[in-house]
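Listing of input.txt; format and content: compact mmCIF, C-alpha atoms and all ligand atoms.
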```txt
# COMPACT_ATOMS: atom_id res chain seq x y z
CA MET H 1 -71.08 1.50 15.70
CA LYS H 2 -72.88 -1.81 15.50
CA GLY H 3 -70.87 -4.94 14.92
CA ARG H 4 -67.49 -3.30 15.52
CA ALA H 5 -66.53 -6.22 17.71
CA HIS H 6 -66.44 -8.31 14.59
CA GLY H 7 -63.48 -6.40 13.21
CA ARG H 8 -62.70 -5.95 9.51
CA VAL H 9 -65.42 -4.91 7.14
CA PRO H 10 -66.01 -7.75 4.68
CA ARG H 11 -66.04 -6.79 1.03
CA PRO H 12 -69.45 -6.14 -0.52
CA ARG H 13 -70.77 -8.85 -2.77
CA SER H 14 -72.98 -8.92 -5.79
CA VAL H 15 -74.96 -11.80 -7.23
CA ARG H 16 -76.67 -11.51 -10.58
CA VAL H 17 -80.06 -12.98 -11.34
CA GLU H 18 -79.83 -13.74 -15.06
CA LEU H 19 -83.17 -13.28 -16.75
CA GLY H 20 -82.31 -11.64 -20.08
CA GLU H 21 -83.50 -8.05 -20.13
CA ARG H 22 -85.13 -8.54 -16.73
CA SER H 23 -81.79 -9.42 -15.08
CA TYR H 24 -80.93 -7.67 -11.84
CA PRO H 25 -78.27 -7.64 -9.15
CA VAL H 26 -78.51 -8.70 -5.51
CA ARG H 27 -76.07 -6.45 -3.63
CA LEU H 28 -74.86 -7.45 -0.20
CA GLY H 29 -72.97 -5.13 2.08
CA ARG H 30 -72.58 -3.86 5.62
CA GLY H 31 -74.02 -0.55 6.67
CA THR H 32 -75.08 0.12 3.07
CA LEU H 33 -78.70 1.07 3.70
CA GLY H 34 -77.85 4.76 3.41
CA GLU H 35 -76.45 4.23 -0.10
CA VAL H 36 -79.44 2.57 -1.68
CA GLY H 37 -80.93 5.75 -3.19
CA ARG H 38 -78.24 6.34 -5.77
CA GLU H 39 -78.47 2.78 -7.05
CA ILE H 40 -82.26 2.89 -7.24
CA GLU H 41 -82.11 6.15 -9.19
CA ARG H 42 -79.49 4.73 -11.53
CA ARG H 43 -81.39 1.53 -12.23
CA THR H 44 -84.95 2.86 -12.46
CA LYS H 45 -84.59 6.55 -13.41
CA ALA H 46 -87.62 7.09 -11.20
CA SER H 47 -88.45 10.50 -9.82
CA ARG H 48 -90.84 9.27 -7.12
CA ALA H 49 -90.52 6.41 -4.68
CA ALA H 50 -92.97 4.84 -2.26
CA LEU H 51 -91.22 3.03 0.57
CA VAL H 52 -93.50 0.33 1.94
CA THR H 53 -92.66 -1.07 5.36
CA VAL H 54 -94.08 -2.25 8.69
CA PRO H 55 -93.84 -0.03 11.80
CA GLY H 56 -91.24 -2.17 13.62
CA VAL H 57 -88.85 -2.13 10.70
CA GLY H 58 -89.69 1.37 9.51
CA ARG H 59 -89.03 2.88 12.93
CA ARG H 60 -85.47 1.58 12.82
CA TYR H 61 -84.50 1.77 9.17
CA ALA H 62 -86.89 3.81 7.02
CA ALA H 63 -85.31 7.19 7.74
CA ARG H 64 -81.93 6.12 6.39
CA ALA H 65 -83.39 4.67 3.21
CA LEU H 66 -85.65 7.69 2.63
CA ARG H 67 -82.81 10.16 3.20
CA SER H 68 -80.74 8.26 0.70
CA LEU H 69 -83.54 8.29 -1.87
CA ARG H 70 -84.07 12.01 -1.42
CA GLY H 71 -80.34 12.56 -1.66
CA ALA H 72 -80.51 10.91 -5.08
CA GLY H 73 -83.18 13.39 -6.13
CA LEU H 74 -86.33 11.30 -5.66
CA ARG H 75 -89.52 12.51 -4.04
CA THR H 76 -90.48 10.01 -1.40
CA VAL H 77 -93.38 8.79 0.67
CA ARG H 78 -93.31 6.19 3.43
CA ILE H 79 -96.30 3.90 3.65
CA ASP H 80 -96.67 1.63 6.68
CA VAL H 81 -98.75 -1.52 6.61
CA PRO H 82 -99.62 -3.46 9.77
CA ASP H 83 -97.20 -6.25 10.63
CA GLY H 84 -98.04 -9.94 10.33
CA ASP H 85 -98.89 -12.36 7.55
CA ARG H 86 -102.61 -11.79 8.10
CA THR H 87 -102.21 -8.32 6.61
CA LYS H 88 -100.76 -9.75 3.39
CA ASN H 89 -104.20 -9.50 1.81
CA LEU H 90 -106.20 -7.73 -0.90
CA GLU H 91 -107.55 -5.13 1.51
CA GLN H 92 -104.00 -3.92 2.17
CA VAL H 93 -103.26 -3.97 -1.55
CA GLY H 94 -106.24 -1.63 -1.94
CA HIS H 95 -104.83 0.70 0.71
CA LEU H 96 -101.50 0.72 -1.09
CA TYR H 97 -103.12 1.64 -4.44
CA SER H 98 -104.92 4.53 -2.77
CA ALA H 99 -101.74 5.75 -1.12
CA PHE H 100 -99.82 5.45 -4.41
CA LEU H 101 -102.48 7.55 -6.17
CA ALA H 102 -102.65 10.09 -3.36
CA HIS H 103 -98.91 10.63 -3.62
CA GLY H 104 -98.87 10.93 -7.37
CA LEU H 105 -97.04 7.73 -8.24
CA ASP H 106 -97.03 7.25 -11.98
CA ARG H 107 -95.71 4.66 -14.43
CA SER H 108 -92.17 5.89 -13.97
CA SER H 109 -92.22 5.63 -10.16
CA VAL H 110 -90.70 2.93 -8.02
CA VAL H 111 -92.10 0.90 -5.14
CA VAL H 112 -89.49 -0.05 -2.56
CA ALA H 113 -90.21 -2.84 -0.06
CA LEU H 114 -88.34 -2.51 3.23
CA GLY H 115 -88.96 -5.51 5.48
CA GLY H 116 -89.33 -9.26 5.58
CA GLY H 117 -90.96 -11.51 3.03
CA MET H 118 -94.42 -10.37 4.04
CA VAL H 119 -93.73 -6.76 3.03
CA GLY H 120 -91.89 -7.88 -0.10
CA ASP H 121 -94.78 -10.05 -1.26
CA LEU H 122 -97.43 -7.43 -0.50
CA ALA H 123 -95.62 -4.39 -1.89
CA GLY H 124 -94.40 -6.48 -4.82
CA PHE H 125 -97.92 -7.54 -5.72
CA ALA H 126 -99.12 -3.95 -5.52
CA ALA H 127 -96.19 -2.86 -7.73
CA ALA H 128 -96.95 -5.65 -10.22
CA SER H 129 -100.53 -4.54 -10.67
CA TYR H 130 -100.63 -0.77 -10.05
CA LEU H 131 -100.90 0.93 -13.47
CA ARG H 132 -100.20 -2.52 -14.96
CA GLY H 133 -96.86 -2.65 -13.25
CA VAL H 134 -94.29 -0.18 -11.92
CA SER H 135 -90.64 -0.65 -10.97
CA PHE H 136 -89.98 -2.55 -7.80
CA VAL H 137 -86.98 -2.78 -5.46
CA GLN H 138 -86.50 -5.12 -2.52
CA ILE H 139 -84.65 -4.20 0.67
CA PRO H 140 -85.09 -7.45 2.61
CA THR H 141 -84.53 -7.29 6.36
CA THR H 142 -84.91 -10.94 7.42
CA VAL H 143 -82.63 -13.84 6.54
CA LEU H 144 -85.56 -15.57 4.90
CA ALA H 145 -86.34 -12.59 2.72
CA MET H 146 -82.68 -12.03 1.85
CA VAL H 147 -81.93 -15.52 0.60
CA ASP H 148 -85.34 -16.58 -0.59
CA ALA H 149 -88.40 -14.34 -0.81
CA SER H 150 -86.76 -11.27 -2.38
CA ILE H 151 -85.21 -13.22 -5.25
CA GLY H 152 -87.16 -14.75 -8.08
CA GLY H 153 -90.01 -12.36 -8.68
CA LYS H 154 -92.83 -14.29 -7.06
CA VAL H 155 -95.17 -11.86 -5.34
CA ALA H 156 -98.48 -12.76 -3.76
CA VAL H 157 -101.15 -12.12 -1.18
CA ASN H 158 -103.27 -14.51 0.86
CA LEU H 159 -106.98 -15.17 0.52
CA PRO H 160 -109.16 -16.30 3.43
CA GLN H 161 -109.11 -19.72 1.72
CA GLY H 162 -105.34 -20.07 1.70
CA LYS H 163 -101.87 -18.58 1.49
CA ASN H 164 -100.43 -16.93 -1.62
CA LEU H 165 -103.45 -17.74 -3.76
CA VAL H 166 -103.36 -14.45 -5.70
CA GLY H 167 -100.05 -13.39 -7.15
CA ALA H 168 -97.85 -12.54 -10.07
CA PHE H 169 -94.34 -12.79 -11.38
CA HIS H 170 -92.79 -9.35 -11.07
CA GLN H 171 -89.02 -9.24 -10.93
CA PRO H 172 -87.42 -6.48 -8.85
CA ARG H 173 -84.91 -4.14 -10.49
CA LEU H 174 -82.58 -4.49 -7.55
CA VAL H 175 -82.26 -6.42 -4.29
CA TRP H 176 -80.33 -4.42 -1.71
CA ILE H 177 -79.10 -6.28 1.36
CA ASP H 178 -77.53 -4.54 4.34
CA VAL H 179 -76.65 -7.39 6.70
CA ASP H 180 -76.36 -5.01 9.67
CA VAL H 181 -80.15 -4.83 9.90
CA LEU H 182 -80.17 -8.45 11.09
CA GLN H 183 -78.83 -7.24 14.45
CA THR H 184 -82.38 -6.36 15.47
CA LEU H 185 -84.12 -9.42 14.06
CA PRO H 186 -85.58 -11.60 16.83
CA ARG H 187 -83.52 -14.78 17.40
CA ARG H 188 -86.32 -17.10 16.48
CA GLN H 189 -86.86 -15.33 13.14
CA LEU H 190 -83.13 -15.45 12.53
CA ALA H 191 -82.98 -19.21 13.10
CA ALA H 192 -86.03 -19.82 10.93
CA GLY H 193 -84.33 -17.97 8.08
CA PHE H 194 -81.31 -20.20 8.37
CA ALA H 195 -83.55 -23.18 7.61
CA GLU H 196 -83.75 -21.84 4.04
CA VAL H 197 -79.97 -21.40 3.97
CA VAL H 198 -79.53 -25.02 5.02
CA LYS H 199 -82.10 -25.98 2.40
CA ALA H 200 -80.08 -24.27 -0.34
CA GLY H 201 -77.03 -26.33 0.58
CA ALA H 202 -78.97 -29.57 0.96
CA LEU H 203 -80.59 -29.34 -2.44
CA TRP H 204 -77.79 -27.85 -4.51
CA ASP H 205 -74.29 -27.60 -3.07
CA ALA H 206 -72.61 -30.09 -0.71
CA ASP H 207 -69.54 -27.88 -0.19
CA PHE H 208 -71.75 -25.01 0.84
CA PHE H 209 -73.64 -27.30 3.22
CA ALA H 210 -70.31 -28.25 4.83
CA ARG H 211 -69.43 -24.60 5.17
CA VAL H 212 -72.70 -23.87 6.96
CA GLU H 213 -71.98 -26.82 9.27
CA ARG H 214 -68.58 -25.40 10.06
CA ASP H 215 -69.78 -21.83 10.57
CA ALA H 216 -73.18 -22.37 12.20
CA GLU H 217 -72.23 -20.78 15.49
CA ALA H 218 -70.61 -17.75 13.87
CA LEU H 219 -73.63 -17.34 11.61
CA LEU H 220 -76.02 -17.23 14.54
CA ALA H 221 -73.71 -14.71 16.20
CA LEU H 222 -73.95 -12.63 12.99
CA ASP H 223 -70.20 -12.55 12.48
CA PRO H 224 -70.13 -10.61 9.22
CA GLN H 225 -66.95 -12.30 7.96
CA ARG H 226 -68.81 -15.63 7.94
CA LEU H 227 -72.29 -14.31 7.34
CA MET H 228 -71.69 -12.34 4.15
CA PRO H 229 -70.22 -15.15 2.04
CA VAL H 230 -72.85 -17.59 3.29
CA LEU H 231 -75.77 -15.27 2.54
CA ALA H 232 -74.23 -14.43 -0.83
CA ARG H 233 -73.92 -18.10 -1.77
CA ALA H 234 -77.46 -18.87 -0.62
CA CYS H 235 -78.69 -15.96 -2.77
CA ALA H 236 -76.61 -17.24 -5.68
CA ILE H 237 -78.15 -20.69 -5.41
CA LYS H 238 -81.66 -19.26 -5.50
CA ALA H 239 -80.61 -16.95 -8.36
CA GLU H 240 -79.15 -19.84 -10.32
CA VAL H 241 -82.23 -22.02 -9.95
CA VAL H 242 -84.56 -19.13 -10.84
CA SER H 243 -82.42 -18.10 -13.82
CA ARG H 244 -82.73 -21.58 -15.27
CA ASP H 245 -86.44 -21.91 -14.52
CA GLU H 246 -88.20 -18.60 -13.96
CA ARG H 247 -91.74 -19.97 -13.91
CA GLU H 248 -91.37 -23.26 -12.12
CA GLY H 249 -91.32 -25.68 -15.03
CA GLY H 250 -89.13 -28.15 -13.22
CA LEU H 251 -85.89 -27.12 -11.58
CA ARG H 252 -87.45 -24.41 -9.45
CA MET H 253 -89.58 -27.11 -7.88
CA LEU H 254 -86.48 -28.37 -6.08
CA LEU H 255 -86.66 -25.25 -3.91
CA ASN H 256 -89.70 -26.89 -2.36
CA LEU H 257 -87.51 -29.31 -0.45
CA GLY H 258 -89.13 -29.68 2.97
CA HIS H 259 -92.08 -27.55 1.90
CA THR H 260 -94.69 -30.19 1.11
CA LEU H 261 -94.94 -31.33 4.71
CA GLY H 262 -93.82 -27.91 5.93
CA HIS H 263 -96.91 -26.33 4.38
CA ALA H 264 -99.05 -29.09 5.87
CA VAL H 265 -97.66 -28.34 9.33
CA GLU H 266 -98.30 -24.60 8.90
CA ALA H 267 -101.86 -25.22 7.71
CA LEU H 268 -102.62 -27.69 10.51
CA ALA H 269 -101.29 -25.20 13.05
CA GLY H 270 -103.60 -22.55 11.58
CA TYR H 271 -100.50 -20.50 10.66
CA GLU H 272 -99.90 -19.76 14.31
CA GLY H 273 -97.21 -20.84 16.70
CA VAL H 274 -94.93 -22.26 14.04
CA LEU H 275 -92.73 -20.16 11.76
CA HIS H 276 -92.34 -21.04 8.11
CA GLY H 277 -88.65 -21.88 8.46
CA GLU H 278 -89.38 -24.11 11.45
CA ALA H 279 -92.01 -26.02 9.48
CA VAL H 280 -89.57 -26.35 6.58
CA ALA H 281 -86.89 -27.71 8.93
CA MET H 282 -89.29 -30.43 10.09
CA GLY H 283 -90.33 -31.16 6.51
CA MET H 284 -86.73 -31.40 5.30
CA VAL H 285 -85.76 -33.92 7.95
CA HIS H 286 -88.79 -35.98 7.08
CA ALA H 287 -87.89 -35.77 3.37
CA ALA H 288 -84.35 -36.93 4.13
CA ARG H 289 -85.60 -39.85 6.25
CA ARG H 290 -88.06 -40.88 3.54
CA SER H 291 -85.29 -40.59 0.95
CA GLU H 292 -83.22 -43.00 3.02
CA SER H 293 -86.01 -45.49 3.52
CA LEU H 294 -86.86 -45.37 -0.20
CA GLU H 295 -83.17 -46.09 -0.79
CA LEU H 296 -82.67 -42.90 -2.74
CA ALA H 297 -80.19 -41.35 -0.31
CA PRO H 298 -77.35 -43.00 1.61
CA ARG H 299 -77.74 -43.79 5.32
CA GLY H 300 -76.75 -40.90 7.53
CA THR H 301 -78.12 -38.19 5.22
CA ALA H 302 -81.05 -37.38 7.50
CA GLU H 303 -78.95 -37.45 10.63
CA ARG H 304 -76.49 -34.97 9.18
CA LEU H 305 -79.28 -32.62 8.15
CA GLU H 306 -80.98 -32.95 11.52
CA THR H 307 -77.76 -32.23 13.41
CA LEU H 308 -77.19 -29.03 11.47
CA LEU H 309 -80.75 -27.78 11.87
CA LYS H 310 -80.52 -28.40 15.60
CA CYS H 311 -77.38 -26.26 15.73
CA PHE H 312 -79.65 -23.40 14.69
CA GLY H 313 -82.13 -24.39 17.40
CA LEU H 314 -84.66 -25.51 14.81
CA PRO H 315 -87.27 -28.20 15.44
CA THR H 316 -86.86 -31.37 13.41
CA GLU H 317 -89.81 -33.59 14.34
CA LEU H 318 -93.24 -33.18 12.81
CA PRO H 319 -95.94 -32.34 15.37
CA ALA H 320 -98.11 -35.32 16.28
CA TYR H 321 -101.25 -34.50 14.36
CA PRO H 322 -103.09 -37.65 13.30
CA ARG H 323 -101.78 -39.18 10.10
CA SER H 324 -105.23 -38.68 8.53
CA ALA H 325 -104.97 -34.92 9.12
CA TYR H 326 -101.59 -34.78 7.37
CA LEU H 327 -102.87 -36.83 4.44
CA GLU H 328 -105.82 -34.49 4.05
CA ALA H 329 -103.54 -31.45 4.18
CA LEU H 330 -101.27 -32.99 1.54
CA ARG H 331 -104.24 -33.65 -0.74
CA VAL H 332 -105.20 -29.98 -0.82
CA ASP H 333 -101.62 -28.91 -1.57
CA LYS H 334 -101.42 -26.64 -4.61
CA LYS H 335 -98.79 -28.85 -6.21
CA SER H 336 -100.81 -32.04 -6.24
CA ARG H 337 -101.46 -33.79 -9.52
CA GLY H 338 -104.55 -35.87 -9.01
CA SER H 339 -103.84 -38.19 -6.13
CA ARG H 340 -100.09 -37.94 -6.53
CA LEU H 341 -97.65 -35.25 -5.47
CA ARG H 342 -94.34 -34.03 -6.78
CA TYR H 343 -92.28 -34.61 -3.69
CA ILE H 344 -88.72 -33.36 -3.35
CA ALA H 345 -86.41 -36.11 -2.16
CA LEU H 346 -82.68 -36.07 -1.52
CA ARG H 347 -80.24 -38.21 -3.45
CA ASP H 348 -77.52 -37.02 -1.13
CA ILE H 349 -76.54 -33.86 0.69
CA GLY H 350 -76.26 -31.35 -2.15
CA ARG H 351 -78.55 -33.15 -4.59
CA ALA H 352 -82.34 -33.06 -4.64
CA GLU H 353 -84.70 -34.78 -7.01
CA ALA H 354 -88.44 -34.55 -7.64
CA VAL H 355 -90.25 -37.87 -7.29
CA THR H 356 -93.95 -38.62 -7.71
CA LEU H 357 -95.55 -40.11 -4.62
CA THR H 358 -99.00 -40.51 -3.16
CA PRO H 359 -99.59 -38.78 0.18
CA ALA H 360 -99.78 -42.25 1.77
CA ARG H 361 -96.24 -42.99 0.60
CA ILE H 362 -94.95 -39.63 1.73
CA LEU H 363 -96.27 -40.41 5.20
CA PRO H 364 -96.47 -44.19 5.47
CA ALA H 365 -98.66 -46.01 7.99
CA GLY H 366 -96.95 -46.53 11.32
CA TRP H 367 -95.24 -43.16 11.05
CA GLU H 368 -97.06 -41.80 14.12
CA ASN H 369 -95.83 -44.50 16.48
CA ARG H 370 -92.31 -44.25 15.23
CA LYS H 371 -92.14 -40.50 15.66
CA ARG H 372 -94.10 -39.90 18.83
CA ARG H 373 -91.01 -39.89 21.00
CA GLY H 374 -89.72 -36.85 19.13
CA VAL H 375 -92.78 -34.71 19.67
CA GLY H 376 -91.63 -33.12 22.91
CA ARG H 377 -88.83 -31.47 21.01
CA THR H 378 -91.12 -29.75 18.55
CA ARG H 379 -90.94 -26.18 19.68
CA GLY H 380 -93.66 -23.67 19.06
CA ALA H 381 -96.09 -25.84 17.15
CA LYS H 382 -99.42 -26.80 18.63
CA VAL H 383 -99.55 -30.55 19.00
N1 LIG Z 1 -92.02 -14.64 -2.79
C1 LIG Z 1 -91.36 -15.71 -2.43
O1 LIG Z 1 -90.70 -16.36 -3.23
C2 LIG Z 1 -91.43 -16.12 -0.99
C3 LIG Z 1 -90.59 -17.12 -0.52
C4 LIG Z 1 -90.63 -17.46 0.82
C5 LIG Z 1 -91.51 -16.79 1.67
N2 LIG Z 1 -92.33 -15.82 1.18
C6 LIG Z 1 -93.26 -15.09 2.06
O2 LIG Z 1 -92.48 -14.39 3.01
C7 LIG Z 1 -93.24 -14.20 4.20
C8 LIG Z 1 -92.39 -14.56 5.38
O3 LIG Z 1 -91.29 -13.70 5.40
P1 LIG Z 1 -90.41 -13.48 6.72
O4 LIG Z 1 -90.05 -14.79 7.29
O5 LIG Z 1 -89.34 -12.54 6.34
O6 LIG Z 1 -91.45 -12.88 7.74
P2 LIG Z 1 -92.02 -11.40 8.00
O7 LIG Z 1 -91.89 -10.54 6.83
O8 LIG Z 1 -93.39 -11.60 8.54
O9 LIG Z 1 -91.05 -10.86 9.14
C9 LIG Z 1 -90.97 -11.53 10.37
C10 LIG Z 1 -91.00 -10.56 11.56
O10 LIG Z 1 -89.75 -9.93 11.69
C11 LIG Z 1 -89.89 -8.52 11.76
N3 LIG Z 1 -88.67 -7.95 11.18
C12 LIG Z 1 -88.29 -8.01 9.88
N4 LIG Z 1 -87.07 -7.53 9.75
C13 LIG Z 1 -86.64 -7.12 10.95
C14 LIG Z 1 -85.45 -6.53 11.44
N5 LIG Z 1 -84.40 -6.35 10.65
N6 LIG Z 1 -85.38 -6.21 12.74
C15 LIG Z 1 -86.42 -6.47 13.57
N7 LIG Z 1 -87.57 -7.05 13.18
C16 LIG Z 1 -87.68 -7.37 11.88
C17 LIG Z 1 -91.16 -8.24 11.03
O11 LIG Z 1 -91.71 -7.02 11.42
C18 LIG Z 1 -92.02 -9.44 11.41
O12 LIG Z 1 -92.63 -9.22 12.65
C19 LIG Z 1 -94.48 -15.04 4.05
O13 LIG Z 1 -95.55 -14.19 3.69
C20 LIG Z 1 -94.15 -15.96 2.89
O14 LIG Z 1 -95.29 -16.37 2.18
C21 LIG Z 1 -92.30 -15.48 -0.12
ZN ZN Z 2 -89.71 -21.48 2.21
```

Can you dump the structure from the file as C-alpha cells?
Ligand SMILES: NC(=O)c1ccc[n+]([C@@H]2O[C@H](COP(=O)([O-])OP(=O)(O)OC[C@H]3O[C@@H](n4cnc5c(N)ncnc54)[C@H](O)[C@@H]3O)[C@@H](O)[C@H]2O)c1
Ligand SMILES: [Zn+2]
Amino acid sequence: MKGRAHGRVPRPRSVRVELGERSYPVRLGRGTLGEVGREIERRTKASRAALVTVPGVGRRYAARALRSLRGAGLRTVRIDVPDGDRTKNLEQVGHLYSAFLAHGLDRSSVVVALGGGMVGDLAGFAAASYLRGVSFVQIPTTVLAMVDASIGGKVAVNLPQGKNLVGAFHQPRLVWIDVDVLQTLPRRQLAAGFAEVVKAGALWDADFFARVERDAEALLALDPQRLMPVLARACAIKAEVVSRDEREGGLRMLLNLGHTLGHAVEALAGYEGVLHGEAVAMGMVHAARRSESLELAPRGTAERLETLLKCFGLPTELPAYPRSAYLEALRVDKKSRGSRLRYIALRDIGRAEAVTLTPARILPAGWENRKRRGVGRTRGAKV
C-alpha cells in the first residue's frame, strides 16, 4: 500500500467554509477516494453524477471514485477533457453540456471535478451554467487545487484574449481531498503548489509560516503526518478569507499576494514554460522586497520568504524581460484602477496589506540592473 513507509495514519480533518446556507466542508484524509460517493449522495441527494477529469488523472483515480458513487446508488458517467490550461475554454464547456444532456443529467444531478485547478474551473463553470446551475463537488488532485482553486467558488474559463475572463461564483457542496493522490503528481507541480501554501502563511499566519519552514523537507517527501495538518491549515486560511469576503470586496484581495507580478510573468512567457506557482513565488519575493524598500516591512522579511521558497526548489527572481514590458503587462491587469493598482504588500511575515501603487512604483527604474545577476536562477521561464 502506498505511503506505508510513513507509518501511522493521520486522523482525517475537516475545514468548514462558512457561507450561510451555501456553507460546505473541506474533508482531508488518506486513502479516502473510495469513500466519496456516500458523502456526495448525503450532501446532494443526487441520483446521477458526471465525473469530469483529464485522462492522466482519470486513468489512475476515476475508477475508485466512480465505484464509490455507484455504491452509493448514483448512476454515473465519466467525461474526459483534454489536459492543459488551453482546453479550459468555451469549446470544452460546450462539449460538457452536450455530454451532460446525452447522459440525462437534470437539475438534481451533480457534477464532480476530479483533477487539478484546470478541471475544477472548467467543470465548475459548466456546473454553474448548465440548467442555470447544478450541484458541484470538487475532488482536487494537485496541491494548488487542494489549498486554493477548489475553495471559494470561483470558476472560470479562458478566452483567446486572456485567462479566466468568463466565469461565475458557484460554491461546491463538498471538497474531498485524498492526500494519497499526490504521490503521482510530478515534482515540479508539487513544488508549485507549495508556493500557494507559503503564500497562505506569509499573508495570514506567522506561526503557520514557521511550521512550513520547519517541515519543508517532510512536506516535499509527502510525509502524511506533516502534510495533512499543513494542507488543512492552508485550506482553513483560504476558507477563512473567503468566508469573510466571498466576492472580493477587500480581504479576499490579500490572496493576490505575489500575483500582480506573477500574472505579468505568466503573460509575458505566453503561459508556457513557467507554472503559476513558480510565477507567484517570484512575485511574492518581489512584493516582500518592495515592502522592505517602502519601509512597510522589517528588514529580513524578503530573505526569509526567499529562503523558504528555495527549499521547495522554487524560482525567486523575476525573468529579465525589459521593464517596459512588465509595466505594460501590469497596466492590462484586471485589477487596475486607472493608472494605479491595488498591490499586496507585506507588513511582516503573516500580515499582508493592500496598497495603491502605480506600475512604475511597483517596479521602480533601475530594477533591471539590480536584479540581472539573479536571472540565471530563474528556472523554466523564457528570459
Ligand atoms: N478558481 C480559483 O480560485 C483558482 C485559483 C488558482 C488557480 N486556478 C486555476 O487552476 C488552474 C491550475 O491548476 P493546477 O496547478 O492544479 O494545474 P492543472 O489542473 O493543469 O494540473 C497540473 C498537471 O498535473 C496533472 N495532475 C493533476 N493531478 C495529478 C495527480 N494526482 N497525479 C498526476 N498528475 C496529476 C494534470 O493532469 C496536469 O497535467 C489554472 O487554470 C488556474 O487558473 C483557479
Ligand atoms: Zn494563485

Within 8 Å of ligand ZN 2 (chain Z), which residues show up when you count all atoms listed in the file? List them as a VMD selection string, please.
-> chain H and resid 144 148 to 149 196 255 to 256 259 276 to 277 280

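A straight line drawn from atom CA of His103 of chain H to atom CA of Ala127 of chain H is 14.4 Å long.
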
Residue with the minimum atom-to-atom distance to Ala325 of chain H, picked from H:Ile349, H:Ala267, H:Ile139, H:Leu203 with only C-alpha atoms counted, is H:Ala267

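The neighbours of Arg187 of chain H here are the residues that come within 10 Å of it, using only C-alpha atoms and leaving out any residue fewer than 5 positions away in the same chain; they are H:Leu182, H:Ala192, H:Gly193, H:Leu220, H:Ala221, H:Phe312, H:Gly313.
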
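Restricting the calculation to all atoms listed in the file, the smallest distance between ligand LIG 1 (chain Z) and any of H:Ser243, H:Ser339, H:Thr87, H:Ser23 is found for H:Thr87.
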
- Task: Could you report the residues within 7 Å of ligand LIG 1 (chain Z), using only C-alpha atoms and all ligand atoms, as an MDAnalysis selection string?
- Result: chainID H and resid 54 56:57 83:85 88 115:119 121 141:145 148:156 163:164 181:186 189 193 276

Using only C-alpha atoms, the best pick from H:Pro10, H:Ala236, H:Arg347, H:Leu174 as closest to Val197 of chain H would be H:Ala236

Across H:Val274, H:Cys311, H:Ala65, H:Ala360, the smallest distance to Glu217 of chain H, with only C-alpha atoms counted, is shown by H:Cys311

Residues near Tyr130 of chain H, cut-off 12 Å, only C-alpha atoms, skip fewer than 2 positions along chain, as a PyMOL selection string:
chain H and resi 93-101+105-111+123-128+132-136+170

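Across the structure, atom CA of Ala329 of chain H and atom CA of Ala279 of chain H are spaced 13.8 Å apart.
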
Judged by all atoms listed in the file, the minimum distance to His286 of chain H among H:Leu309, H:Leu231, H:Ile362, H:Ala264 is found for H:Ile362

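Atom CA of Gly250 of chain H to atom CA of Met146 of chain H spans 23.0 Å [interatomic distance, one decimal].
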
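Restricting the calculation to all atoms listed in the file, the smallest distance between Asn89 of chain H and any of H:Leu159, H:Ala113, H:Ala234, H:Ala288 is found for H:Leu159.
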